[in-house]
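Following: one structure in structure tokens, then a few remarks.
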Amino acid sequence: MARDGWYFCLKHQQVEPAAGCRAADRLGPYADRAAAEHALELAQERTEAADEADRRWSEGD
């Protein structure tokens with residue numbers, strides 16, 4: 001693992017170490033470069049899970 005993890009830069013669409021773009025433009029930190037490479041997929045999965053939880057909550061399930 002990089003000293004401060006790995007990040008996915010939304011501005012440049014690439015993985016970078018801690019000494020990269022500003023925090024507002026990045027996702028992370030991730031434990032390793034491979035995880036950071038899949039940051040967008042992970043964010044999508046988490047968003048879908050949160051949306052489903054919200055749906056269940058609002059429907060009283």
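Starting from 1 in every chain, residues are counted up; chains themselves are A, B, ... following the order of the structure tokens, and ligands are numbered from 1 as listed.
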
- Excluding Cys9 (chain A) and residues on its chain fewer than 2 positions from it, collect all residues at most 10 Å away from it, counting only C-alpha atoms, and give them as a VMD selection string. chain A and resid 6 to 7 11 to 17 20 to 28 36 to 37 39

Could the residues in this selection be saved with N, CA, C and O atoms as a PDB file, in the first residue's frame?
ATOM      1  N   TRP A   6      -4.137   4.880  -2.092  1.00  0.00           N
ATOM      2  CA  TRP A   6      -4.269   5.217  -3.507  1.00  0.00           C
ATOM      3  C   TRP A   6      -5.609   5.882  -3.726  1.00  0.00           C
ATOM      4  O   TRP A   6      -6.571   5.620  -3.022  1.00  0.00           O
ATOM      5  N   TYR A   7      -5.674   6.733  -4.728  1.00  0.00           N
ATOM      6  CA  TYR A   7      -6.869   7.511  -5.009  1.00  0.00           C
ATOM      7  C   TYR A   7      -7.214   7.413  -6.488  1.00  0.00           C
ATOM      8  O   TYR A   7      -6.341   7.154  -7.310  1.00  0.00           O
ATOM      9  N   LYS A  11     -11.044  14.084 -12.077  1.00  0.00           N
ATOM     10  CA  LYS A  11     -10.693  15.081 -13.085  1.00  0.00           C
ATOM     11  C   LYS A  11      -9.884  14.460 -14.229  1.00  0.00           C
ATOM     12  O   LYS A  11     -10.118  14.738 -15.397  1.00  0.00           O
ATOM     13  N   HIS A  12      -8.913  13.627 -13.884  1.00  0.00           N
ATOM     14  CA  HIS A  12      -8.026  13.031 -14.884  1.00  0.00           C
ATOM     15  C   HIS A  12      -8.363  11.577 -15.222  1.00  0.00           C
ATOM     16  O   HIS A  12      -7.714  10.982 -16.079  1.00  0.00           O
ATOM     17  N   GLN A  13      -9.356  11.008 -14.508  1.00  0.00           N
ATOM     18  CA  GLN A  13      -9.783   9.627 -14.741  1.00  0.00           C
ATOM     19  C   GLN A  13      -8.624   8.641 -14.646  1.00  0.00           C
ATOM     20  O   GLN A  13      -8.456   7.769 -15.504  1.00  0.00           O
ATOM     21  N   GLN A  14      -7.827   8.793 -13.575  1.00  0.00           N
ATOM     22  CA  GLN A  14      -6.705   7.872 -13.387  1.00  0.00           C
ATOM     23  C   GLN A  14      -6.396   7.714 -11.912  1.00  0.00           C
ATOM     24  O   GLN A  14      -6.773   8.531 -11.079  1.00  0.00           O
ATOM     25  N   VAL A  15      -5.691   6.635 -11.602  1.00  0.00           N
ATOM     26  CA  VAL A  15      -5.258   6.335 -10.240  1.00  0.00           C
ATOM     27  C   VAL A  15      -4.010   7.152  -9.934  1.00  0.00           C
ATOM     28  O   VAL A  15      -3.154   7.339 -10.793  1.00  0.00           O
ATOM     29  N   GLU A  16      -3.939   7.620  -8.690  1.00  0.00           N
ATOM     30  CA  GLU A  16      -2.763   8.386  -8.285  1.00  0.00           C
ATOM     31  C   GLU A  16      -2.469   8.158  -6.801  1.00  0.00           C
ATOM     32  O   GLU A  16      -3.357   7.777  -6.040  1.00  0.00           O
ATOM     33  N   PRO A  17      -1.228   8.385  -6.401  1.00  0.00           N
ATOM     34  CA  PRO A  17      -0.873   8.259  -4.981  1.00  0.00           C
ATOM     35  C   PRO A  17      -1.395   9.466  -4.204  1.00  0.00           C
ATOM     36  O   PRO A  17      -1.997  10.388  -4.773  1.00  0.00           O
ATOM     37  N   GLY A  20      -1.323  13.720  -5.042  1.00  0.00           N
ATOM     38  CA  GLY A  20      -1.910  13.962  -6.354  1.00  0.00           C
ATOM     39  C   GLY A  20      -2.799  15.188  -6.327  1.00  0.00           C
ATOM     40  O   GLY A  20      -2.511  16.152  -5.628  1.00  0.00           O
ATOM     41  N   CYS A  21      -3.878  15.114  -7.055  1.00  0.00           N
ATOM     42  CA  CYS A  21      -4.819  16.235  -7.154  1.00  0.00           C
ATOM     43  C   CYS A  21      -5.499  16.509  -5.817  1.00  0.00           C
ATOM     44  O   CYS A  21      -5.402  15.726  -4.876  1.00  0.00           O
ATOM     45  N   ARG A  22      -6.230  17.616  -5.775  1.00  0.00           N
ATOM     46  CA  ARG A  22      -6.896  18.006  -4.535  1.00  0.00           C
ATOM     47  C   ARG A  22      -7.982  16.997  -4.160  1.00  0.00           C
ATOM     48  O   ARG A  22      -8.556  16.317  -5.019  1.00  0.00           O
ATOM     49  N   ALA A  23      -8.263  16.914  -2.879  1.00  0.00           N
ATOM     50  CA  ALA A  23      -9.194  15.914  -2.350  1.00  0.00           C
ATOM     51  C   ALA A  23     -10.582  16.011  -2.967  1.00  0.00           C
ATOM     52  O   ALA A  23     -11.245  14.990  -3.161  1.00  0.00           O
ATOM     53  N   ALA A  24     -11.041  17.205  -3.289  1.00  0.00           N
ATOM     54  CA  ALA A  24     -12.386  17.377  -3.854  1.00  0.00           C
ATOM     55  C   ALA A  24     -12.532  16.707  -5.219  1.00  0.00           C
ATOM     56  O   ALA A  24     -13.658  16.439  -5.650  1.00  0.00           O
ATOM     57  N   ASP A  25     -11.431  16.413  -5.882  1.00  0.00           N
ATOM     58  CA  ASP A  25     -11.458  15.794  -7.207  1.00  0.00           C
ATOM     59  C   ASP A  25     -11.173  14.300  -7.172  1.00  0.00           C
ATOM     60  O   ASP A  25     -10.995  13.684  -8.218  1.00  0.00           O
ATOM     61  N   ARG A  26     -11.123  13.700  -5.947  1.00  0.00           N
ATOM     62  CA  ARG A  26     -10.692  12.302  -5.865  1.00  0.00           C
ATOM     63  C   ARG A  26     -11.626  11.442  -5.036  1.00  0.00           C
ATOM     64  O   ARG A  26     -12.336  11.928  -4.166  1.00  0.00           O
ATOM     65  N   LEU A  27     -11.580  10.147  -5.307  1.00  0.00           N
ATOM     66  CA  LEU A  27     -12.218   9.133  -4.484  1.00  0.00           C
ATOM     67  C   LEU A  27     -11.114   8.372  -3.784  1.00  0.00           C
ATOM     68  O   LEU A  27     -10.075   8.095  -4.366  1.00  0.00           O
ATOM     69  N   GLY A  28     -11.332   8.023  -2.542  1.00  0.00           N
ATOM     70  CA  GLY A  28     -10.341   7.249  -1.808  1.00  0.00           C
ATOM     71  C   GLY A  28     -10.126   7.800  -0.425  1.00  0.00           C
ATOM     72  O   GLY A  28     -10.837   8.702   0.003  1.00  0.00           O
ATOM     73  N   ALA A  36      -8.266   1.065  -6.217  1.00  0.00           N
ATOM     74  CA  ALA A  36      -8.494   2.418  -6.726  1.00  0.00           C
ATOM     75  C   ALA A  36      -8.888   2.397  -8.199  1.00  0.00           C
ATOM     76  O   ALA A  36      -9.683   3.227  -8.644  1.00  0.00           O
ATOM     77  N   GLU A  37      -8.353   1.438  -8.959  1.00  0.00           N
ATOM     78  CA  GLU A  37      -8.705   1.322 -10.376  1.00  0.00           C
ATOM     79  C   GLU A  37     -10.183   0.998 -10.563  1.00  0.00           C
ATOM     80  O   GLU A  37     -10.754   1.288 -11.612  1.00  0.00           O
ATOM     81  N   ALA A  39     -12.611   2.141  -8.513  1.00  0.00           N
ATOM     82  CA  ALA A  39     -13.327   3.093  -7.662  1.00  0.00           C
ATOM     83  C   ALA A  39     -14.698   3.458  -8.215  1.00  0.00           C
ATOM     84  O   ALA A  39     -15.673   3.541  -7.458  1.00  0.00           O
TER      85      ALA A  39
END

- Would you give me, as a list in words, the residues in chain A that DSSP reads as strand (DSSP E)?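 Across chain A, those assigned strand (DSSP E) are Trp6, Tyr7, Phe8, Cys9, Gln14, Val15, Glu16, Pro17, Arg26, Leu27, Gly28, Pro29 and Tyr30 of chain A.
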
- Message: Using only C-alpha atoms for the distances, tell me which of A:Arg55, A:Leu10, A:Gly5, A:Ala18 is nearest to Ala43 (chain A).
- Response: A:Leu10

- Run DSSP on the backbone of this structure and report the residues of chain A it assigns to helix (DSSP H, G or I), as a ChimeraX atom specification. /A:23-25,33-37,39-59

- Item | Distance of CA of Ala19 (chain A) from CA of His38 (chain A), expressed in Å to one decimal place | 19.4 Å

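Between CA of Thr47 (chain A) and CA of Ala35 (chain A) the separation is 17.0 Å.
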